[in-house]
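Structure record follows, encoded as C-alpha cells.
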Amino acid sequence: MKTTLSQFMLRTGIYSGSNSRAMVPSLFAGLGAKRVLLLSDRGLEKAGIVKKVASIFDLTRNGSGPQLVGTYLDIAQDAESSSINDAIRYAKEVGADSLLAVGGGSVLDTVKGVKYALHKGLEDIKEATPGGLLYEQFPKANHIPLPHIAIPTTAGTGSEVSPIAVIFNEDIQMKTNIINPFINADIAILDPDLTVGLPPLITAFTGFDALTHAIEALASPTSTSLTDAYALHTIRLIEKNLPIAVEDGGNLNARMNLLQASLMGITAFSFALNAIPVHNMAHAYGAMFRIPHGLANAVFLPVVMELVPQLYLPKAFELAQALDVEANDDTPETTLTKVIEKIRLLQQSVGLPADFKQYNITEEALDATISAVMKDPAAVSFPMSAELIATIGQKVVPITVK
C-alpha cells in the first residue's frame, strides 16, 4: 500500500448521452458566458459536425443567452503553436469571453493553449514552454476564469478533462507540454452522436491511445488505488467495445462506452504520471514524422511492453484480467507474454499496422530519433538508453530507403 503523497482532481463537470450537445448554451449561461468562440477544424466542418453544434446557438440568437460570436477552424494536427497563436488573435478580434472546443485531441489541446495564453496575456504560446515543459501546481497555478466547454469527437486523448496540453513547437520540432490543474475544460460533453461518422482507422487508433493511457497509468510506479480503478475499467471497456465500434460505427452504446473510457484513461494517466516510455517514443516519432499520436502509441505499445517488461510485470495479472486473458497459475512473465499477444491480436483485429512501413523512414532518420526521444519531456521520469531506443525503433521501422 502506497502511503506517499499523491493527488487526484477530476475538476471537470461531465454530461454524457445522445444529443447532450443541446445543453451547451444553458451550460455556458451557467458559467457566466456571453460571447462564445467555437474552435474546431476543417475536417469536422466538412463532416457537418461544426454546423450541428453551431446551430444549437440559433435558438438563443434573439434571446438573452450566450451568443456564438465566431468560429475558428484552421487548427492543424498536433496542436501547432502557429494555430494557437492565430486563434488567440481571432479570439481577441471577436471579443470572445468563453471557449467551445469541438474536436479530437489537436483541437482540445489547441483550445487549452488559447485559454492559457489569454489568461496569462501571452501572444505566442511558445513563451510558456521555452524548455519544452511547463509544470505548474498550487499556489502558482490558480483558477482560470474563462468559461470553457469541450466536446470530444474522438474517443482517445481524453484531453477534455486532463490537466495537460500537448503543443507542437514547429521551431524546435518538439511536442511541448503545459501541465496545469486548471487548464482543462470546466464542462465536458460526451455526445456519442458526434463520433458515429469517425472512420474505422481513426476509431481504432484513438481507441489505442486511450488504451495506452490506461496501461501506462497502471504500470506507473506512482499509481494509486484511485488511478488503478480508472485504468482497469478503461482497459475492460476498450477490449469489449473497440472492435464493435470499428465494425459498426453507428453503435451508440459502444461509442458512448469508448468516450467514457477515454475520459477515465487520461484521468488515470494524468494522476499516475511518471514512467511513460510508450508516450515518450510516440511523441518523438510524431513530431519528427507527423505520425498521428494514437497510431504511434498503437504501434509502440506491445513493442515497449515486450522490451521493458520490468514496468509491467508487477501488474501482469491485473492486466490479464482486464483484457480477458486466462492466466490461471502462470508466472508473471508468462502472463505478460499472453497480455502482449492479446494486445497484438486486438491491434490486428481493428485494422491497425504493427509498424511504420507506410512512412518510409530512412536509416539516417531512424538514428536521429534517439536524441529526439531523449530530449522529449516524457523522458524526465523514465530515461531510456540509446541502445534501448534504437532497439525499439528497429522493431517498428522497416528500413526501405538507405
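Chain lettering (A, B, ...) mirrors the order of the C-alpha cells, residue numbering begins at 1 for each chain separately, and ligand numbering begins at 1 in order of display.
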
>> Please return, as a PyMOL selection string, all residues of stretch 143-275 of chain A that DSSP assigns to strand (DSSP E) on the basis of the backbone.
In response: chain A and resi 148-152+164-169+174-179+187-190

> If we count only C-alpha atoms, what is near stretch 314-330 of chain A at a cut-off of 10 Å, once residues fewer than 4 positions away on the same chain are taken out, given as a list in words?
Replying inline: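 Contacts, in chain order: Ile215, Leu218, Ala219, Ser220, Pro221, Asp228, Ala231, Leu232, His233, Thr234, Ile235, Arg236, Leu237, Ile238, Glu239, Lys240, Pro309, Gln310, Thr334, Thr335, Leu336, Thr337, Lys338, Val339, Ile340, Glu341, Lys342, Ile343 and Leu346 of chain A.
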
> So what do you get for atom CA of A:Ile178 versus atom CA of A:Leu211, distance-wise?
Replying inline: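 If I compute the distance from atom CA of A:Ile178 to atom CA of A:Leu211, I get 22.2 Å.
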
> When distances are computed from only C-alpha atoms, which of A:Ala272, A:Ile125, A:Leu198, A:Leu31 shows the smallest separation from A:Thr176?
Replying inline: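 Selected residue with least distance to A:Thr176: A:Ile125.
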
Close residues, A:Gly131 itself excluded, 10 Å, only C-alpha atoms, min 6 positions apart in chain, as a PDB file with N, CA and C atoms, in the first residue's frame:
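Ended up saving to around_11.pdb:
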ATOM      1  N   THR A 176       5.729  19.943 -26.956  1.00  0.00           N
ATOM      2  CA  THR A 176       5.943  20.518 -25.632  1.00  0.00           C
ATOM      3  C   THR A 176       4.699  20.303 -24.771  1.00  0.00           C
ATOM      4  N   ASN A 177       4.846  20.495 -23.470  1.00  0.00           N
ATOM      5  CA  ASN A 177       3.756  20.219 -22.543  1.00  0.00           C
ATOM      6  C   ASN A 177       3.515  21.368 -21.571  1.00  0.00           C
ATOM      7  N   LYS A 375      15.315  13.832 -25.588  1.00  0.00           N
ATOM      8  CA  LYS A 375      15.017  15.240 -25.271  1.00  0.00           C
ATOM      9  C   LYS A 375      13.548  15.470 -24.949  1.00  0.00           C
ATOM     10  N   PRO A 377      10.048  15.760 -23.191  1.00  0.00           N
ATOM     11  CA  PRO A 377       9.736  15.937 -21.765  1.00  0.00           C
ATOM     12  C   PRO A 377       9.349  14.645 -21.052  1.00  0.00           C
TER      13      PRO A 377
END

Shell around A:Lys395 at 10 Å using only C-alpha atoms, local window under 6 positions removed, as an mmCIF file with all heavy atoms, in the first residue's frame:
data_model
loop_
_atom_site.group_PDB
_atom_site.id
_atom_site.type_symbol
_atom_site.label_atom_id
_atom_site.label_comp_id
_atom_site.auth_asym_id
_atom_site.auth_seq_id
_atom_site.Cartn_x
_atom_site.Cartn_y
_atom_site.Cartn_z
ATOM 1 N N VAL A 299 1.274 1.400 -32.313
ATOM 2 C CA VAL A 299 2.392 0.613 -32.841
ATOM 3 C C VAL A 299 3.428 0.335 -31.739
ATOM 4 O O VAL A 299 3.938 -0.782 -31.614
ATOM 5 C CB VAL A 299 3.042 1.336 -34.039
ATOM 6 C CG1 VAL A 299 4.349 0.654 -34.446
ATOM 7 C CG2 VAL A 299 2.074 1.360 -35.228
ATOM 8 N N PHE A 300 3.703 1.340 -30.933
ATOM 9 C CA PHE A 300 4.752 1.183 -29.916
ATOM 10 C C PHE A 300 4.318 0.345 -28.707
ATOM 11 O O PHE A 300 5.158 -0.299 -28.067
ATOM 12 C CB PHE A 300 5.225 2.552 -29.413
ATOM 13 C CG PHE A 300 6.227 3.223 -30.306
ATOM 14 C CD1 PHE A 300 5.963 4.475 -30.848
ATOM 15 C CD2 PHE A 300 7.434 2.611 -30.599
ATOM 16 C CE1 PHE A 300 6.888 5.102 -31.669
ATOM 17 C CE2 PHE A 300 8.371 3.227 -31.425
ATOM 18 C CZ PHE A 300 8.097 4.487 -31.957
ATOM 19 N N VAL A 303 5.405 -3.369 -28.388
ATOM 20 C CA VAL A 303 6.863 -3.462 -28.523
ATOM 21 C C VAL A 303 7.546 -2.998 -27.242
ATOM 22 O O VAL A 303 8.453 -3.656 -26.718
ATOM 23 C CB VAL A 303 7.343 -2.633 -29.733
ATOM 24 C CG1 VAL A 303 8.874 -2.643 -29.815
ATOM 25 C CG2 VAL A 303 6.741 -3.159 -31.024
ATOM 26 N N VAL A 304 7.113 -1.867 -26.715
ATOM 27 C CA VAL A 304 7.706 -1.349 -25.480
ATOM 28 C C VAL A 304 7.423 -2.293 -24.313
ATOM 29 O O VAL A 304 8.300 -2.565 -23.478
ATOM 30 C CB VAL A 304 7.180 0.070 -25.177
ATOM 31 C CG1 VAL A 304 7.614 0.523 -23.780
ATOM 32 C CG2 VAL A 304 7.688 1.063 -26.221
ATOM 33 N N ALA A 354 1.330 -2.914 -37.539
ATOM 34 C CA ALA A 354 2.254 -3.266 -36.461
ATOM 35 C C ALA A 354 3.565 -2.506 -36.572
ATOM 36 O O ALA A 354 4.445 -2.639 -35.724
ATOM 37 C CB ALA A 354 2.536 -4.772 -36.481
ATOM 38 N N ASP A 355 3.706 -1.698 -37.635
ATOM 39 C CA ASP A 355 4.939 -0.933 -37.814
ATOM 40 C C ASP A 355 4.631 0.352 -38.576
ATOM 41 O O ASP A 355 3.480 0.664 -38.873
ATOM 42 C CB ASP A 355 5.999 -1.770 -38.552
ATOM 43 C CG ASP A 355 5.516 -2.273 -39.910
ATOM 44 O OD1 ASP A 355 4.774 -1.536 -40.605
ATOM 45 O OD2 ASP A 355 5.872 -3.407 -40.296
ATOM 46 N N PHE A 356 5.699 1.106 -38.892
ATOM 47 C CA PHE A 356 5.559 2.386 -39.586
ATOM 48 C C PHE A 356 6.024 2.303 -41.038
ATOM 49 O O PHE A 356 6.551 3.265 -41.600
ATOM 50 C CB PHE A 356 6.363 3.470 -38.858
ATOM 51 C CG PHE A 356 5.900 3.725 -37.455
ATOM 52 C CD1 PHE A 356 6.800 3.669 -36.393
ATOM 53 C CD2 PHE A 356 4.581 4.027 -37.177
ATOM 54 C CE1 PHE A 356 6.385 3.914 -35.096
ATOM 55 C CE2 PHE A 356 4.150 4.275 -35.879
ATOM 56 C CZ PHE A 356 5.060 4.216 -34.840
#

>> Which residues are near stretch 14-23 of chain A? Cut-off 9 Å, only C-alpha atoms, ignore same chain within fewer than 3 positions. Put them as number ranges by chain.
In response: A: 26-28, 52-53, 56, 151, 161, 186-194, 252, 256, 259-260

Could you take the residues named above and write them with N, CA and C atoms, as a CSV table (one decimal), in the first residue's frame?
chain,number,residue,atom,x,y,z
A,26,SER,N,-27.1,26.6,-22.4
A,26,SER,CA,-27.6,26.7,-21.0
A,26,SER,C,-26.4,26.5,-20.0
A,27,LEU,N,-25.5,25.6,-20.4
A,27,LEU,CA,-24.4,25.4,-19.5
A,27,LEU,C,-23.4,26.6,-19.6
A,28,PHE,N,-23.2,27.2,-20.7
A,28,PHE,CA,-22.4,28.4,-20.8
A,28,PHE,C,-23.0,29.5,-20.0
A,52,LYS,N,-23.6,21.2,-36.8
A,52,LYS,CA,-24.5,20.6,-35.8
A,52,LYS,C,-24.4,21.2,-34.5
A,53,VAL,N,-23.2,21.6,-34.1
A,53,VAL,CA,-23.0,22.2,-32.8
A,53,VAL,C,-23.4,23.7,-32.9
A,56,ILE,N,-27.0,25.0,-32.6
A,56,ILE,CA,-27.7,25.0,-31.3
A,56,ILE,C,-27.9,26.4,-30.8
A,151,ILE,N,-16.1,19.4,-26.3
A,151,ILE,CA,-16.9,18.3,-26.8
A,151,ILE,C,-16.0,17.4,-27.7
A,161,VAL,N,-10.7,16.6,-20.2
A,161,VAL,CA,-10.6,16.6,-18.7
A,161,VAL,C,-9.1,16.6,-18.2
A,186,ASP,N,-14.1,23.4,-18.1
A,186,ASP,CA,-15.0,23.4,-16.9
A,186,ASP,C,-16.0,22.3,-17.1
A,187,ILE,N,-16.5,22.1,-18.3
A,187,ILE,CA,-17.5,21.1,-18.6
A,187,ILE,C,-17.2,20.3,-19.8
A,188,ALA,N,-17.3,19.0,-19.8
A,188,ALA,CA,-17.1,18.1,-20.9
A,188,ALA,C,-18.5,17.5,-21.4
A,189,ILE,N,-18.7,17.6,-22.6
A,189,ILE,CA,-20.0,17.0,-23.2
A,189,ILE,C,-19.6,15.7,-24.0
A,190,LEU,N,-20.0,14.6,-23.5
A,190,LEU,CA,-19.7,13.3,-24.2
A,190,LEU,C,-21.0,12.9,-25.0
A,191,ASP,N,-21.0,13.3,-26.2
A,191,ASP,CA,-22.2,13.0,-27.1
A,191,ASP,C,-21.8,12.0,-28.2
A,192,PRO,N,-22.2,10.8,-28.0
A,192,PRO,CA,-21.8,9.7,-29.0
A,192,PRO,C,-22.3,10.0,-30.4
A,193,ASP,N,-23.3,10.8,-30.6
A,193,ASP,CA,-23.8,11.1,-31.9
A,193,ASP,C,-22.7,11.8,-32.8
A,194,LEU,N,-21.8,12.5,-32.1
A,194,LEU,CA,-20.8,13.2,-32.9
A,194,LEU,C,-19.6,12.4,-33.2
A,252,LEU,N,-24.2,3.3,-31.0
A,252,LEU,CA,-24.1,4.3,-30.0
A,252,LEU,C,-23.7,3.9,-28.6
A,256,MET,N,-20.5,5.4,-26.8
A,256,MET,CA,-20.6,6.0,-25.5
A,256,MET,C,-19.6,5.4,-24.5
A,259,LEU,N,-16.1,6.8,-25.3
A,259,LEU,CA,-15.9,8.1,-24.8
A,259,LEU,C,-15.6,8.2,-23.3
A,260,GLN,N,-16.4,7.4,-22.6
A,260,GLN,CA,-16.2,7.4,-21.1
A,260,GLN,C,-14.9,6.7,-20.8

Pick out the residues sitting within 9 Å of stretch 89-103 of chain A, and hand them over as an mmCIF file with C-alpha atoms, in the first residue's frame; count only C-alpha atoms, and ignore anything fewer than 3 positions along from it in its own chain.
data_model
loop_
_atom_site.group_PDB
_atom_site.id
_atom_site.type_symbol
_atom_site.label_atom_id
_atom_site.label_comp_id
_atom_site.auth_asym_id
_atom_site.auth_seq_id
_atom_site.Cartn_x
_atom_site.Cartn_y
_atom_site.Cartn_z
ATOM 1 C CA VAL A 24 -24.267 23.748 -24.358
ATOM 2 C CA PHE A 28 -22.415 28.372 -20.848
ATOM 3 C CA GLY A 32 -21.487 33.330 -16.936
ATOM 4 C CA ALA A 33 -20.522 33.321 -20.625
ATOM 5 C CA LYS A 34 -21.942 35.857 -23.083
ATOM 6 C CA ARG A 35 -19.733 35.703 -26.195
ATOM 7 C CA VAL A 36 -18.726 32.197 -27.219
ATOM 8 C CA LEU A 37 -15.976 31.331 -29.697
ATOM 9 C CA LEU A 38 -16.274 27.852 -31.270
ATOM 10 C CA LEU A 39 -12.962 26.252 -32.239
ATOM 11 C CA SER A 40 -12.735 23.153 -34.441
ATOM 12 C CA ASP A 41 -11.056 22.023 -37.673
ATOM 13 C CA LEU A 44 -15.121 18.422 -38.865
ATOM 14 C CA ILE A 49 -20.137 18.392 -37.073
ATOM 15 C CA VAL A 50 -19.368 22.106 -36.722
ATOM 16 C CA VAL A 53 -23.004 22.235 -32.784
ATOM 17 C CA LEU A 68 -21.838 32.462 -30.836
ATOM 18 C CA VAL A 69 -19.610 35.334 -31.979
ATOM 19 C CA GLY A 70 -17.236 33.401 -34.220
ATOM 20 C CA TYR A 72 -12.073 29.357 -35.753
ATOM 21 C CA ILE A 84 -2.852 28.528 -31.307
ATOM 22 C CA ASN A 85 -1.339 31.966 -31.871
ATOM 23 C CA ASP A 86 -3.716 32.675 -34.774
ATOM 24 C CA SER A 106 -5.452 18.504 -31.521
ATOM 25 C CA VAL A 107 -8.471 20.800 -31.225
ATOM 26 C CA LEU A 108 -8.909 20.209 -27.499
ATOM 27 C CA ASP A 109 -5.231 20.911 -26.784
ATOM 28 C CA THR A 110 -5.238 23.967 -29.056
ATOM 29 C CA VAL A 111 -8.102 25.457 -27.066
ATOM 30 C CA LYS A 112 -6.267 24.751 -23.820
ATOM 31 C CA VAL A 114 -5.577 29.576 -26.255
ATOM 32 C CA LYS A 115 -7.180 29.610 -22.808
ATOM 33 C CA LEU A 118 -5.428 34.615 -22.866
ATOM 34 C CA GLU A 123 0.635 36.453 -27.709
ATOM 35 C CA LEU A 146 -12.640 31.881 -18.786
ATOM 36 C CA PRO A 147 -15.721 29.662 -19.372
ATOM 37 C CA HIS A 148 -14.577 26.600 -21.294
ATOM 38 C CA ILE A 149 -16.627 23.676 -22.605
ATOM 39 C CA ALA A 150 -15.143 20.783 -24.586
ATOM 40 C CA ILE A 151 -16.931 18.308 -26.846
ATOM 41 C CA PRO A 152 -14.617 15.462 -27.914
ATOM 42 C CA THR A 153 -15.345 13.948 -31.330
ATOM 43 C CA THR A 154 -12.884 11.084 -30.871
ATOM 44 C CA GLU A 160 -11.312 17.460 -22.362
ATOM 45 C CA ALA A 185 -12.481 22.321 -19.577
#

>> List as a PyMOL selection string the protein and nucleic acid residues near A:Asp124, meaning an atom at most 8 Å away when only C-alpha atoms are counted, but skip any in the same chain fewer than 3 places from it.
In response: chain A and resi 81+85+117+127

> Hey, what does DSSP flag as alpha helix (DSSP H) within stretch 259-385 of chain A? Can you give it to me as a PyMOL selection string?
Replying inline: chain A and resi 259-271+277-289+293-307+309-312+316-322+332-349+363-375

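The space separating atom CA of A:Ile370 from atom CA of A:Ala390 comes to 6.5 Å.
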
>> From the options A:His293, A:Lys120, A:His283, A:Arg11, which residue's atoms come nearest to A:Asn184, counting only C-alpha atoms?
In response: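 Closest residue, counting only C-alpha atoms: A:Arg11.
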
> When distances are computed from only C-alpha atoms, which of A:Ala282, A:Ala287, A:Ala275, A:Ala155 shows the smallest separation from A:Leu242?
Replying inline: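 Distance minimum relative to A:Leu242 lands on A:Ala155.
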